[in-house]
$ cat start17.txt   # compact mmCIF, C-alpha atoms
# COMPACT_ATOMS: atom_id res chain seq x y z
CA MET W 588 9.75 -8.33 28.48
CA SER W 589 11.31 -10.44 25.73
CA ASP W 590 13.38 -8.55 23.15
CA LEU W 591 11.79 -10.73 20.49
CA SER W 592 9.11 -8.04 20.27
CA PHE W 593 11.89 -5.68 19.15
CA TYR W 594 13.86 -8.05 16.92
CA VAL W 595 10.89 -9.12 14.78
CA PRO W 596 9.80 -5.54 13.87
CA ALA W 597 13.46 -4.67 13.27
CA ALA W 598 13.84 -7.58 10.85
CA LEU W 599 10.61 -6.69 9.04
CA GLY W 600 11.64 -3.05 8.83
CA CYS W 601 15.02 -4.02 7.40
CA LEU W 602 13.34 -6.19 4.78
CA ALA W 603 10.90 -3.41 3.85
CA SER W 604 13.78 -0.93 3.53
CA LEU W 605 15.68 -3.26 1.20
CA LEU W 606 12.57 -3.74 -0.94
CA ARG W 607 12.08 0.02 -1.28
CA LEU W 608 15.75 0.80 -1.91
CA PRO W 609 15.72 0.05 -5.69
CA SER W 610 12.85 2.50 -6.22
CA LEU W 611 14.74 5.22 -4.35
CA LEU W 612 17.91 4.55 -6.35
CA ARG W 613 15.94 4.92 -9.59
CA ASN W 614 14.26 8.14 -8.36
CA PRO W 615 16.60 9.64 -5.75
CA ARG W 616 14.91 13.07 -5.86
CA ASP W 617 11.37 11.80 -5.28
CA PRO W 618 10.31 13.41 -1.96
CA MET W 619 7.71 10.72 -1.28
CA LEU W 620 10.24 7.90 -1.70
CA GLN W 621 12.70 9.82 0.45
CA ALA W 622 10.10 10.20 3.19
CA VAL W 623 9.14 6.51 3.03
CA MET W 624 12.77 5.38 3.20
CA ALA W 625 13.57 7.78 6.04
CA TYR W 626 10.66 6.49 8.07
CA LEU W 627 11.49 2.83 7.41
CA VAL W 628 15.16 3.27 8.28
CA THR W 629 14.55 5.28 11.46
CA ALA W 630 11.78 2.92 12.62
CA THR W 631 14.07 -0.06 12.03
CA CYS W 632 16.92 1.61 13.91
CA LEU W 633 14.55 2.41 16.76
CA PHE W 634 13.78 -1.27 17.31
CA VAL W 635 17.38 -2.34 16.74
CA PHE W 636 18.75 0.08 19.33
CA GLY W 637 15.78 -0.38 21.65
CA SER W 638 16.73 -3.95 22.56
CA ILE W 639 18.59 -4.48 25.82
CA PRO W 640 21.63 -6.24 24.27
CA MET W 641 22.10 -3.38 21.82
CA LEU W 642 21.83 -0.80 24.59
CA MET W 643 24.61 -2.62 26.45
CA ARG W 644 26.74 -2.85 23.31
CA VAL W 645 26.44 0.86 22.60
CA ASN W 646 27.44 1.74 26.13
CA ASP W 647 30.42 -0.62 25.95
CA LEU W 648 31.60 0.66 22.57
CA THR W 649 31.41 4.33 23.57
CA GLY W 650 32.82 3.75 27.03
CA THR W 651 30.12 6.03 28.46
CA PRO W 652 27.50 4.57 30.79
CA ASN W 653 24.00 5.23 29.46
CA PHE W 654 25.19 6.84 26.20
CA ALA W 655 22.60 4.63 24.51
CA ALA W 656 19.84 6.68 26.17
CA PRO W 657 20.29 9.98 24.26
CA LEU W 658 21.12 7.99 21.14
CA LEU W 659 17.86 6.04 21.39
CA TYR W 660 15.90 9.21 22.16
CA SER W 661 17.44 10.95 19.14
CA ILE W 662 16.48 8.03 16.90
CA LEU W 663 12.97 8.27 18.35
CA MET W 664 12.89 11.96 17.42
CA ALA W 665 14.06 11.13 13.89
CA CYS W 666 11.41 8.42 13.56
CA THR W 667 8.53 10.58 14.75
CA GLY W 668 9.71 13.51 12.68
CA SER W 669 10.03 11.40 9.54
CA GLY W 670 6.53 10.03 10.23
CA ILE W 671 5.11 13.56 10.19
CA VAL W 672 7.07 14.33 7.00
CA LEU W 673 5.69 11.16 5.41
CA ILE W 674 2.11 12.16 6.23
CA ILE W 675 2.74 15.66 4.85
CA ASN W 676 4.03 14.23 1.56
CA TRP W 677 1.35 11.54 1.51
CA ARG W 678 -1.48 14.08 1.74
CA GLY W 679 0.06 16.16 -1.02
CA GLY W 680 -0.52 19.83 -1.77
CA PRO W 681 1.48 22.72 -3.21
CA PRO W 682 5.17 21.67 -3.48
CA ASP W 683 6.40 24.88 -1.80
CA ARG W 684 4.15 24.31 1.20
CA ILE W 685 5.29 20.68 1.48
CA ARG W 686 8.95 21.72 1.34
CA ARG W 687 8.46 24.40 4.01
CA ALA W 688 6.61 22.03 6.33
CA THR W 689 9.24 19.34 5.79
CA SER W 690 12.08 21.77 6.51
CA TRP W 691 10.43 23.06 9.68
CA CYS W 692 9.76 19.55 10.93
CA MET W 693 13.27 18.28 10.21
CA GLY W 694 14.84 21.40 11.73
CA ALA W 695 12.76 21.18 14.89
CA TYR W 696 13.54 17.53 15.59
CA ALA W 697 17.21 17.98 14.70
CA ALA W 698 17.38 20.78 17.28
CA VAL W 699 15.70 18.57 19.87
CA SER W 700 18.22 15.78 19.19
CA VAL W 701 21.15 18.17 19.63
CA ALA W 702 19.63 19.44 22.88
CA LEU W 703 19.23 15.88 24.16
CA PHE W 704 22.92 15.12 23.72
CA ALA W 705 23.92 18.50 25.19
CA LEU W 706 21.82 17.96 28.31
CA PHE W 707 23.16 14.43 28.70
CA MET W 708 26.75 15.67 28.53
CA LEU W 709 26.02 18.40 31.08
CA GLY W 710 24.47 15.95 33.52
CA GLU W 711 25.93 12.98 35.35
CA ALA W 712 24.64 9.44 34.83
CA PRO W 713 27.45 7.15 36.01
CA VAL W 714 25.35 4.08 36.83
CA GLU W 715 24.23 2.09 33.79
CA ARG W 716 20.47 1.64 33.81
CA LEU W 717 19.11 -0.35 30.89
CA GLU W 718 15.43 -0.65 31.78
CA ASP W 719 14.68 2.11 34.26
CA PHE W 720 16.90 4.99 33.07
CA ASP W 721 14.00 7.46 32.96
CA THR W 722 12.87 6.94 36.52
CA TYR W 723 16.32 6.31 38.03
CA TYR W 724 17.64 9.66 36.77
CA ALA W 725 14.32 11.53 36.93
CA THR W 726 15.65 13.92 39.57
CA THR W 727 19.24 14.28 38.31
CA PRO W 728 20.03 17.81 37.07
CA TYR W 729 20.21 18.19 33.28
CA VAL W 730 19.44 14.50 32.76
CA ARG W 731 16.04 15.27 34.25
CA GLU W 732 15.56 18.00 31.63
CA MET W 733 16.71 15.65 28.88
CA ILE W 734 14.09 13.09 29.88
CA ALA W 735 11.35 15.72 30.08
CA LEU W 736 12.37 17.14 26.68
CA TYR W 737 12.26 13.84 24.84
CA LEU W 738 8.92 12.90 26.40
CA ALA W 739 7.42 16.31 25.58
CA ALA W 740 8.73 16.21 22.00
CA HIS W 741 7.51 12.67 21.43
CA THR W 742 4.08 13.39 22.93
CA THR W 743 3.74 16.46 20.75
CA SER W 744 4.66 14.51 17.62
CA VAL W 745 2.22 11.64 18.23
CA LEU W 746 -0.58 14.07 19.05
CA VAL W 747 0.16 15.89 15.79
CA MET W 748 0.05 12.56 13.96
CA VAL W 749 -3.26 11.62 15.58
CA HIS W 750 -4.69 15.01 14.62
CA LEU W 751 -3.46 14.80 11.00
CA CYS W 752 -4.66 11.24 10.56
CA ARG W 753 -8.08 11.83 12.13
CA ARG W 754 -8.70 14.97 10.09
CA TRP W 755 -7.72 13.17 6.89
CA LEU W 756 -9.70 10.07 7.90
CA HIS W 757 -13.05 11.82 7.38
CA SER W 758 -12.32 12.75 3.76
CA VAL W 759 -11.11 9.40 2.37
CA LYS W 760 -12.42 5.88 2.07
CA GLY W 761 -11.32 2.38 1.16
CA GLU W 762 -7.86 1.09 2.03
CA LEU W 763 -6.59 4.60 2.84
CA ARG W 764 -9.29 5.02 5.48
CA VAL W 765 -8.41 1.61 6.96
CA GLY W 766 -4.73 2.55 7.02
CA LEU W 767 -5.37 5.88 8.71
CA ALA W 768 -7.63 4.21 11.30
CA LEU W 769 -4.85 1.75 12.13
CA MET W 770 -2.36 4.59 12.40
CA VAL W 771 -4.64 6.50 14.77
CA THR W 772 -4.85 3.37 16.93
CA GLY W 773 -1.09 2.93 16.88
CA TYR W 774 -0.37 6.53 17.78
CA ALA W 775 -3.02 6.42 20.50
CA LEU W 776 -1.03 3.55 22.05
CA ALA W 777 2.08 5.72 21.70
CA VAL W 778 0.28 8.47 23.62
CA ALA W 779 -0.48 5.90 26.32
CA PHE W 780 3.25 5.05 26.36
CA ASP W 781 4.09 8.72 26.96
CA LEU W 782 1.46 9.05 29.69
CA CYS W 783 2.92 6.06 31.52
CA LYS W 784 6.40 7.52 31.24
CA PHE W 785 5.26 10.97 32.38
CA ALA W 786 3.36 9.46 35.32
CA ALA W 787 6.36 7.41 36.45
CA VAL W 788 8.79 10.33 36.10
CA GLY W 789 6.35 12.75 37.75
CA ALA W 790 5.91 10.35 40.64
CA ARG W 791 9.68 10.41 41.17
CA TRP W 792 9.58 14.20 41.22
CA ALA W 793 6.90 13.95 43.91
CA GLY W 794 8.92 11.47 45.95
CA LEU W 795 6.78 8.45 44.95
CA ASN W 796 7.68 5.22 43.20
CA TRP W 797 5.53 4.36 40.20
CA ASP W 798 8.41 2.82 38.26
CA VAL W 799 6.28 -0.13 37.22
CA LEU W 800 4.44 2.14 34.79
CA SER W 801 7.68 2.85 32.96
CA THR W 802 9.39 -0.53 33.14
CA ASP W 803 6.50 -2.99 32.88
CA LEU W 804 3.77 -1.14 30.99
CA ALA W 805 5.38 1.46 28.73
CA ARG W 806 7.60 -0.96 26.77
CA PRO W 807 4.72 -3.31 25.85
CA LEU W 808 2.68 -0.28 24.74
CA ALA W 809 5.53 0.85 22.49
CA ALA W 810 5.85 -2.62 21.01
CA ALA W 811 2.08 -2.88 20.52
CA SER W 812 1.81 0.47 18.74
CA ALA W 813 4.41 -0.44 16.11
CA PRO W 814 2.36 -3.04 14.17
CA PHE W 815 -0.65 -0.73 13.97
CA VAL W 816 1.44 2.11 12.60
CA ALA W 817 3.35 -0.19 10.25
CA PHE W 818 0.18 -1.78 8.86
CA GLY W 819 -1.43 1.65 8.67
CA PHE W 820 1.33 2.88 6.39
CA GLY W 821 1.67 -0.43 4.56
CA ILE W 822 -1.90 -1.45 3.73
CA PRO W 823 -2.73 1.48 1.40
CA TYR W 824 0.58 1.07 -0.41
CA VAL W 825 0.22 -2.70 -0.86
CA VAL W 826 -3.43 -2.47 -1.94
CA GLN W 827 -2.64 0.25 -4.46
CA ARG W 828 0.22 -1.81 -5.87
CA LEU W 829 -1.98 -4.92 -6.16
CA ARG W 830 -5.10 -3.18 -7.48
CA LYS W 831 -3.94 -2.88 -11.10
CA PRO W 832 -2.75 -6.53 -11.43
CA TRP W 833 -5.99 -7.67 -9.77
CA ARG W 834 -8.07 -5.67 -12.24
CA GLU W 835 -6.02 -7.04 -15.14
CA TRP W 836 -6.50 -10.59 -13.89
CA THR W 837 -10.24 -10.05 -13.37
CA ARG W 838 -10.65 -8.67 -16.88
CA TYR W 839 -8.58 -11.55 -18.26
CA ARG W 840 -10.89 -14.11 -16.64
CA GLN W 841 -14.02 -12.23 -17.73
CA LEU W 842 -12.87 -12.13 -21.36
CA GLY W 843 -12.21 -15.88 -21.38
CA PRO W 844 -15.58 -17.08 -22.76
CA LEU W 845 -15.51 -14.61 -25.65
CA ALA W 846 -11.87 -15.36 -26.47
CA ARG W 847 -12.55 -19.11 -26.52
CA LEU W 848 -15.47 -18.54 -28.89
CA LEU W 849 -13.45 -16.44 -31.33
CA ARG W 850 -10.09 -18.20 -31.12
CA GLY W 851 -8.76 -19.35 -34.47
CA LEU W 852 -11.37 -17.56 -36.61
CA ALA W 853 -8.91 -15.09 -38.10
CA PRO W 854 -7.19 -16.67 -41.13
CA THR W 855 -3.79 -15.39 -40.04
CA ALA W 856 -4.25 -16.21 -36.35
CA SER W 857 -1.38 -18.01 -34.71
CA THR W 858 -1.16 -19.38 -31.22
CA ILE W 859 1.51 -17.64 -29.15
CA ARG W 860 2.43 -19.62 -26.10
CA MET W 861 2.67 -17.29 -23.14
CA PRO W 862 5.62 -17.71 -20.75
CA LEU W 863 4.65 -19.26 -17.45
CA PHE W 864 5.20 -16.08 -15.45
CA SER W 865 3.63 -13.63 -17.91
CA SER W 866 1.76 -10.84 -16.17
CA ALA W 867 -2.01 -10.66 -16.16
CA GLY W 868 -1.78 -7.50 -18.25
CA VAL W 869 0.16 -9.25 -21.01
CA ARG W 870 -2.27 -12.18 -20.98
CA ARG W 871 -5.22 -9.78 -21.11
CA LEU W 872 -3.72 -8.01 -24.13
CA GLN W 873 -3.36 -11.35 -25.91
CA LEU W 874 -7.02 -12.20 -25.29
CA GLU W 875 -8.15 -8.80 -26.52
CA SER W 876 -6.03 -9.26 -29.66
CA ILE W 877 -7.70 -12.65 -30.28
CA ILE W 878 -11.14 -11.08 -29.76
CA HIS W 879 -10.53 -8.10 -32.04
CA ASP W 880 -9.10 -10.30 -34.80
CA GLY W 881 -12.09 -12.62 -34.49
CA LEU W 882 -14.61 -9.78 -34.60
CA LEU W 883 -12.91 -8.32 -37.66
CA THR W 884 -13.16 -11.70 -39.40
CA LEU W 885 -16.84 -12.06 -38.43
CA ASN W 886 -17.82 -8.57 -39.59
CA PRO W 887 -19.25 -9.67 -42.97
CA TYR W 888 -21.41 -12.25 -41.18
CA PHE W 889 -22.91 -9.88 -38.61
CA ASP W 890 -26.68 -9.67 -38.82
CA LEU W 891 -27.45 -6.12 -37.72
CA THR W 892 -31.17 -6.78 -38.05
CA LEU W 893 -30.85 -9.62 -35.53
CA ARG W 894 -28.96 -7.29 -33.22
CA ALA W 895 -31.60 -4.55 -33.47
CA ARG W 896 -34.40 -7.04 -32.86
CA SER W 897 -32.58 -8.46 -29.83
CA ILE W 898 -32.13 -5.01 -28.35
CA ALA W 899 -35.79 -4.16 -28.86
CA ASP W 900 -36.92 -7.40 -27.24
CA ALA W 901 -34.60 -6.90 -24.25
CA LEU W 902 -35.71 -3.32 -23.70
CA THR W 903 -39.34 -4.48 -23.85
CA ARG W 904 -38.58 -6.91 -21.02
CA GLY W 905 -37.17 -4.06 -18.93
CA VAL W 906 -33.50 -4.88 -19.39
CA ALA W 907 -31.09 -1.97 -18.87
CA PRO W 908 -29.81 -0.44 -22.14
CA GLU W 909 -26.16 -1.42 -21.51
CA ALA W 910 -27.11 -5.01 -20.73
CA ALA W 911 -29.45 -5.11 -23.74
CA ASP W 912 -26.66 -3.94 -26.07
CA ALA W 913 -24.23 -6.53 -24.67
CA ALA W 914 -26.75 -9.38 -24.96
CA ALA W 915 -27.60 -8.37 -28.52
CA ASP W 916 -23.93 -8.22 -29.46
CA ALA W 917 -23.40 -11.66 -27.94
CA ALA W 918 -26.33 -13.12 -29.90
CA MET W 919 -25.12 -11.51 -33.11
CA ILE W 920 -21.56 -12.81 -32.59
CA VAL W 921 -22.76 -16.36 -31.87
CA ALA W 922 -24.93 -16.27 -34.99
CA ALA W 923 -22.00 -14.93 -37.03
CA VAL W 924 -19.73 -17.75 -35.77
CA GLU W 925 -22.36 -20.29 -36.87
CA ALA W 926 -22.64 -18.61 -40.27
CA LEU W 927 -18.88 -18.59 -40.69
CA ARG W 928 -18.59 -22.29 -39.84
CA ALA W 929 -21.39 -23.00 -42.34
CA ASP W 930 -19.32 -21.21 -45.00
CA PRO W 931 -16.03 -23.20 -45.04
CA GLU W 932 -14.97 -21.57 -48.31
CA ARG W 933 -15.55 -18.16 -46.74
CA GLN W 934 -17.35 -16.92 -49.81
CA VAL W 935 -19.11 -14.19 -47.84
CA ILE W 936 -15.75 -12.75 -46.85
CA THR W 937 -14.45 -13.03 -50.40
CA THR W 938 -17.42 -11.22 -51.91
CA SER W 939 -17.82 -8.57 -49.21
CA GLN W 940 -16.97 -5.05 -50.34
CA GLY W 941 -15.89 -3.78 -46.93
CA LEU W 942 -16.74 -3.67 -43.26
CA GLN W 943 -20.39 -3.26 -42.39
CA GLU W 944 -21.42 0.14 -41.12
CA GLY W 945 -22.49 0.04 -37.48
CA ALA W 946 -20.82 -3.30 -36.79
CA GLY W 947 -17.38 -2.04 -35.90
CA GLU W 948 -18.01 0.50 -33.15
CA ASP W 949 -16.43 0.10 -29.73
CA ARG W 950 -18.10 -2.59 -27.68
CA ASP W 951 -18.00 -3.56 -24.02
CA LEU W 952 -16.13 -6.81 -24.47
CA VAL W 953 -16.48 -7.86 -20.85
CA ARG W 954 -20.27 -7.45 -20.88
CA ILE W 955 -20.47 -9.35 -24.17
CA SER W 956 -18.33 -12.17 -22.77
CA GLN W 957 -20.49 -12.40 -19.67
CA SER W 958 -23.68 -12.32 -21.78
CA LEU W 959 -22.61 -15.46 -23.64
CA SER W 960 -23.77 -17.51 -20.68
CA SER W 961 -27.37 -16.46 -21.37
CA ILE W 962 -27.26 -17.91 -24.91
CA PRO W 963 -28.39 -21.56 -25.15
CA ALA W 964 -25.48 -23.97 -25.37
CA ALA W 965 -26.96 -25.50 -28.50
CA GLY W 966 -26.54 -22.19 -30.25
CA ARG W 967 -22.80 -21.98 -29.59
CA PRO W 968 -19.90 -23.85 -31.14
CA ASN W 969 -18.01 -26.29 -28.94
CA THR W 970 -14.95 -24.48 -27.59
CA THR W 971 -13.24 -26.13 -24.69
CA ARG W 972 -9.74 -24.68 -24.80
CA GLU W 973 -8.61 -22.41 -22.02
CA PRO W 974 -7.44 -18.90 -22.81
CA ALA W 975 -3.69 -18.50 -23.14
$ encode --input "start17.txt" --output "structure tokens"
Amino acid sequence: MSDLSFYVPAALGCLASLLRLPSLLRNPRDPMLQAVMAYLVTATCLFVFGSIPMLMRVNDLTGTPNFAAPLLYSILMACTGSGIVLIINWRGGPPDRIRRATSWCMGAYAAVSVALFALFMLGEAPVERLEDFDTYYATTPYVREMIALYLAAHTTSVLVMVHLCRRWLHSVKGELRVGLALMVTGYALAVAFDLCKFAAVGARWAGLNWDVLSTDLARPLAAASAPFVAFGFGIPYVVQRLRKPWREWTRYRQLGPLARLLRGLAPTASTIRMPLFSSAGVRRLQLESIIHDGLLTLNPYFDLTLRARSIADALTRGVAPEAADAAADAAMIVAAVEALRADPERQVITTSQGLQEGAGEDRDLVRISQSLSSIPAAGRPNTTREPA
């Protein structure tokens, strides 16, 4: 099997770790960030040290044949343990319970890692085996126990992950449900990896040779499970990070027609050129400022009788109350813009004693902007400029 399937996930994991590092440095005590970083780092190390060239390099540097085996198994324990810790923190709950569960999980997998190295040192594995270590030494004293221990611990951890994810899956929806479903799939493939390993090792104990399950099938299953787990963890995070900018951008586009209609009506209005890379939130705030300034300028021209009549007509036609209010506001605003443009000296504004009662309450600006399309074009001023 090509080690490209290990190098690519390792490179992606390294990139993801570097992207998350600034957040951890800003909030080093955040348990969720700590769990995310621990999982990313251990998963990256797992793929780095799982490649054949790296296994050879570790053995050469330590001068101990097969020393890479307990090292790789210990990294696997750290990765699975940090995955459970991440799910525990992700689900949330009382802080004391989260800390206790995290401590128990970390302690258990640390003890397993120590036991793996102890059993390896007690056993004898003089012949370097890079691809079939598990089956080659399946009957060697102490090394046999080390192999059984790491397989049992890993199987337990992935079954726990499947259980946690499936139980949580039924109580959530949206991108979190998609992520959990992907994680269940990935960990199910990891269970298949363990079954293949157990079958191959058990066959050796029984005097049979099923090594192909370990060498030719288990590694592809491990490589296949990684993208599902990675996307399962990543999709909810990415979607949640993009949801707010997407909402800001959507609102910005929806407010465009109303902003174009009201632009320049305020006597003190000035055009502020937005930087090229301004966020959607900043652009949306500018549009809302233009709209509010324009509505304040139009207040003396608002025909509340026209608005009330428009609402009554809409409700008579069976229009929903919210839509009727928005359409009436839109009609009143268009009429006020026409009245303002017919009063170049702005005498109405000059003689007005104050803001009209009932014309300044909070309005659904997006609904009003969308309702402008239902007003005949002949009844609206020509505004062709794009929003800033």
$ atom_distance --input "start17.txt" --atom1 "atom CA of W:Val730" --atom2 "atom CA of W:Val788"
11.9 Å
$ atom_distance --input "start17.txt" --atom1 "atom CA of W:Gly851" --atom2 "atom CA of W:Gly881"
7.5 Å
$ atom_distance --input "start17.txt" --atom1 "atom CA of W:Gly694" --atom2 "atom CA of W:Ser744"
13.6 Å
$ residues_around --input "start17.txt" --residues "W:Ala895" --least-positions-apart "3" --cutoff "12 Å" --atoms "all atoms listed in the file" --output "list of chain:residue names"
W:Phe889, W:Asp890, W:Leu891, W:Thr892, W:Ile898, W:Ala899, W:Asp900, W:Ala901, W:Leu902, W:Ala911, W:Asp912, W:Ala913, W:Ala914, W:Ala915, W:Asp916, W:Ala918, W:Met919, W:Gly945, W:Ala946
$ closest_residue --input "start17.txt" --among "W:Ser758, W:Ser960, W:Thr651, W:Gln827" --to "W:Gly843" --atoms "all atoms listed in the file"
W:Ser960
$ closest_residue --input "start17.txt" --among "W:Leu782, W:Leu611, W:Val924, W:Ala907" --to "W:Arg850" --atoms "all atoms listed in the file"
W:Val924
$ closest_atom_pairs --input "start17.txt" --of "stretch 670-777 of chain W" --to "stretch 635-647 of chain W" --cutoff "9 Å" --atoms "all atoms listed in the file" --output "tab-separated table"
residue	atom	partner	partner_atom	distance
W:Glu715	CA	W:Asn646	CA	8.3
W:Leu717	CA	W:Ile639	CA	6.6
W:Glu718	CA	W:Ile639	CA	7.8
$ closest_atom_pairs --input "start17.txt" --of "stretch 662-762 of chain W" --to "stretch 800-823 of chain W" --cutoff "12 Å" --atoms "all atoms listed in the file" --output "JSON lines"
{"residue": "W:Leu663", "atom": "CA", "partner": "W:Ala809", "partner_atom": "CA", "distance": 11.3}
{"residue": "W:Cys666", "atom": "CA", "partner": "W:Ala813", "partner_atom": "CA", "distance": 11.6}
{"residue": "W:Thr667", "atom": "CA", "partner": "W:Val816", "partner_atom": "CA", "distance": 11.3}
{"residue": "W:Gly670", "atom": "CA", "partner": "W:Phe820", "partner_atom": "CA", "distance": 9.6}
{"residue": "W:Ile671", "atom": "CA", "partner": "W:Phe820", "partner_atom": "CA", "distance": 11.9}
{"residue": "W:Leu673", "atom": "CA", "partner": "W:Phe820", "partner_atom": "CA", "distance": 9.4}
{"residue": "W:Ile674", "atom": "CA", "partner": "W:Phe820", "partner_atom": "CA", "distance": 9.3}
{"residue": "W:Trp677", "atom": "CA", "partner": "W:Phe820", "partner_atom": "CA", "distance": 9.9}
{"residue": "W:Arg716", "atom": "CA", "partner": "W:Thr802", "partner_atom": "CA", "distance": 11.3}
{"residue": "W:Leu717", "atom": "CA", "partner": "W:Thr802", "partner_atom": "CA", "distance": 10.0}
{"residue": "W:Glu718", "atom": "CA", "partner": "W:Thr802", "partner_atom": "CA", "distance": 6.2}
{"residue": "W:Asp719", "atom": "CA", "partner": "W:Thr802", "partner_atom": "CA", "distance": 6.0}
{"residue": "W:Phe720", "atom": "CA", "partner": "W:Thr802", "partner_atom": "CA", "distance": 9.3}
{"residue": "W:Asp721", "atom": "CA", "partner": "W:Ser801", "partner_atom": "CA", "distance": 7.8}
{"residue": "W:Thr722", "atom": "CA", "partner": "W:Ser801", "partner_atom": "CA", "distance": 7.5}
{"residue": "W:Tyr723", "atom": "CA", "partner": "W:Ser801", "partner_atom": "CA", "distance": 10.6}
{"residue": "W:Ala725", "atom": "CA", "partner": "W:Ser801", "partner_atom": "CA", "distance": 11.6}
{"residue": "W:Val745", "atom": "CA", "partner": "W:Val816", "partner_atom": "CA", "distance": 11.1}
{"residue": "W:Met748", "atom": "CA", "partner": "W:Val816", "partner_atom": "CA", "distance": 10.6}
{"residue": "W:Val749", "atom": "CA", "partner": "W:Val816", "partner_atom": "CA", "distance": 11.0}
{"residue": "W:Cys752", "atom": "CA", "partner": "W:Gly819", "partner_atom": "CA", "distance": 10.3}
{"residue": "W:Leu756", "atom": "CA", "partner": "W:Gly819", "partner_atom": "CA", "distance": 11.8}
{"residue": "W:Val759", "atom": "CA", "partner": "W:Pro823", "partner_atom": "CA", "distance": 11.6}
{"residue": "W:Lys760", "atom": "CA", "partner": "W:Pro823", "partner_atom": "CA", "distance": 10.7}
{"residue": "W:Gly761", "atom": "CA", "partner": "W:Pro823", "partner_atom": "CA", "distance": 8.6}
{"residue": "W:Glu762", "atom": "CA", "partner": "W:Pro823", "partner_atom": "CA", "distance": 5.2}
$ residues_around --input "start17.txt" --residues "W:Tyr888" --least-positions-apart "3" --cutoff "8 Å" --atoms "only C-alpha atoms" --output "JSON, numbers by chain"
{"W": [885, 923, 924, 926, 927, 935]}
$ closest_residue --input "start17.txt" --among "W:Ala846, W:Leu606, W:Leu736, W:Leu612" --to "W:Leu627" --atoms "all atoms listed in the file"
W:Leu606
$ residues_around --input "start17.txt" --residues "W:Cys601" --least-positions-apart "3" --cutoff "8 Å" --atoms "all atoms listed in the file" --output "tab-separated table (two decimals) with C-alpha atoms, in the frame of the given file"
chain	number	residue	atom	x	y	z
W	597	ALA	CA	13.46	-4.67	13.27
W	598	ALA	CA	13.84	-7.58	10.85
W	604	SER	CA	13.78	-0.93	3.53
W	605	LEU	CA	15.68	-3.26	1.20
W	627	LEU	CA	11.49	2.83	7.41
W	628	VAL	CA	15.16	3.27	8.28
W	631	THR	CA	14.07	-0.06	12.03
$ closest_residue --input "start17.txt" --among "W:Pro657, W:Pro682, W:Pro887, W:Pro832" --to "W:Ala705" --atoms "only C-alpha atoms"
W:Pro657
$ closest_residue --input "start17.txt" --among "W:Thr742, W:Asn796, W:Asn886, W:Ser866" --to "W:Phe780" --atoms "all atoms listed in the file"
W:Thr742
$ residues_around --input "start17.txt" --residues "W:Val699" --least-positions-apart "2" --cutoff "12 Å" --atoms "all atoms listed in the file" --output "VMD selection string"
chain W and resid 657 to 658 660 to 665 667 to 668 692 to 697 701 to 706 732 to 741 744
$ closest_residue --input "start17.txt" --among "W:Arg678, W:Arg791, W:Arg950, W:Arg894" --to "W:Leu763" --atoms "all atoms listed in the file"
W:Arg678
$ residues_around --input "start17.txt" --residues "W:Val714" --least-positions-apart "2" --cutoff "8 Å" --atoms "only C-alpha atoms" --output "VMD selection string"
chain W and resid 652 to 653 712 716
$ axis_aligned_box --input "start17.txt" --around "stretch 812-822 of chain W" --padding-each-side "8 Å" --output "JSON"
{"center_x": 1.3, "center_y": -0.1, "center_z": 11.2, "size_x": 22.3, "size_y": 21.9, "size_z": 31.0}
$ decode --input "start17.txt" --residues "stretch 758-764 of chain W" --atoms "N, CA, C and O atoms" --output "PDB file, in the first residue's frame"
ATOM      1  N   SER W 758     -30.181  13.254  19.120  1.00  0.00           N
ATOM      2  CA  SER W 758     -30.695  14.454  19.790  1.00  0.00           C
ATOM      3  C   SER W 758     -30.248  15.752  19.125  1.00  0.00           C
ATOM      4  O   SER W 758     -30.514  16.825  19.655  1.00  0.00           O
ATOM      5  N   VAL W 759     -29.569  15.671  17.983  1.00  0.00           N
ATOM      6  CA  VAL W 759     -29.097  16.878  17.296  1.00  0.00           C
ATOM      7  C   VAL W 759     -29.531  16.816  15.837  1.00  0.00           C
ATOM      8  O   VAL W 759     -30.035  15.803  15.360  1.00  0.00           O
ATOM      9  N   LYS W 760     -29.334  17.917  15.146  1.00  0.00           N
ATOM     10  CA  LYS W 760     -29.656  17.964  13.728  1.00  0.00           C
ATOM     11  C   LYS W 760     -28.689  18.902  13.028  1.00  0.00           C
ATOM     12  O   LYS W 760     -27.806  19.493  13.647  1.00  0.00           O
ATOM     13  N   GLY W 761     -28.878  19.054  11.724  1.00  0.00           N
ATOM     14  CA  GLY W 761     -28.033  19.969  10.966  1.00  0.00           C
ATOM     15  C   GLY W 761     -26.631  19.436  10.778  1.00  0.00           C
ATOM     16  O   GLY W 761     -26.388  18.220  10.689  1.00  0.00           O
ATOM     17  N   GLU W 762     -25.665  20.370  10.744  1.00  0.00           N
ATOM     18  CA  GLU W 762     -24.276  19.992  10.463  1.00  0.00           C
ATOM     19  C   GLU W 762     -23.689  19.109  11.560  1.00  0.00           C
ATOM     20  O   GLU W 762     -22.821  18.266  11.292  1.00  0.00           O
ATOM     21  N   LEU W 763     -24.160  19.267  12.799  1.00  0.00           N
ATOM     22  CA  LEU W 763     -23.657  18.417  13.881  1.00  0.00           C
ATOM     23  C   LEU W 763     -24.088  16.974  13.668  1.00  0.00           C
ATOM     24  O   LEU W 763     -23.306  16.039  13.900  1.00  0.00           O
ATOM     25  N   ARG W 764     -25.299  16.774  13.223  1.00  0.00           N
ATOM     26  CA  ARG W 764     -25.782  15.415  12.941  1.00  0.00           C
ATOM     27  C   ARG W 764     -24.995  14.791  11.794  1.00  0.00           C
ATOM     28  O   ARG W 764     -24.627  13.613  11.864  1.00  0.00           O
TER      29      ARG W 764
END
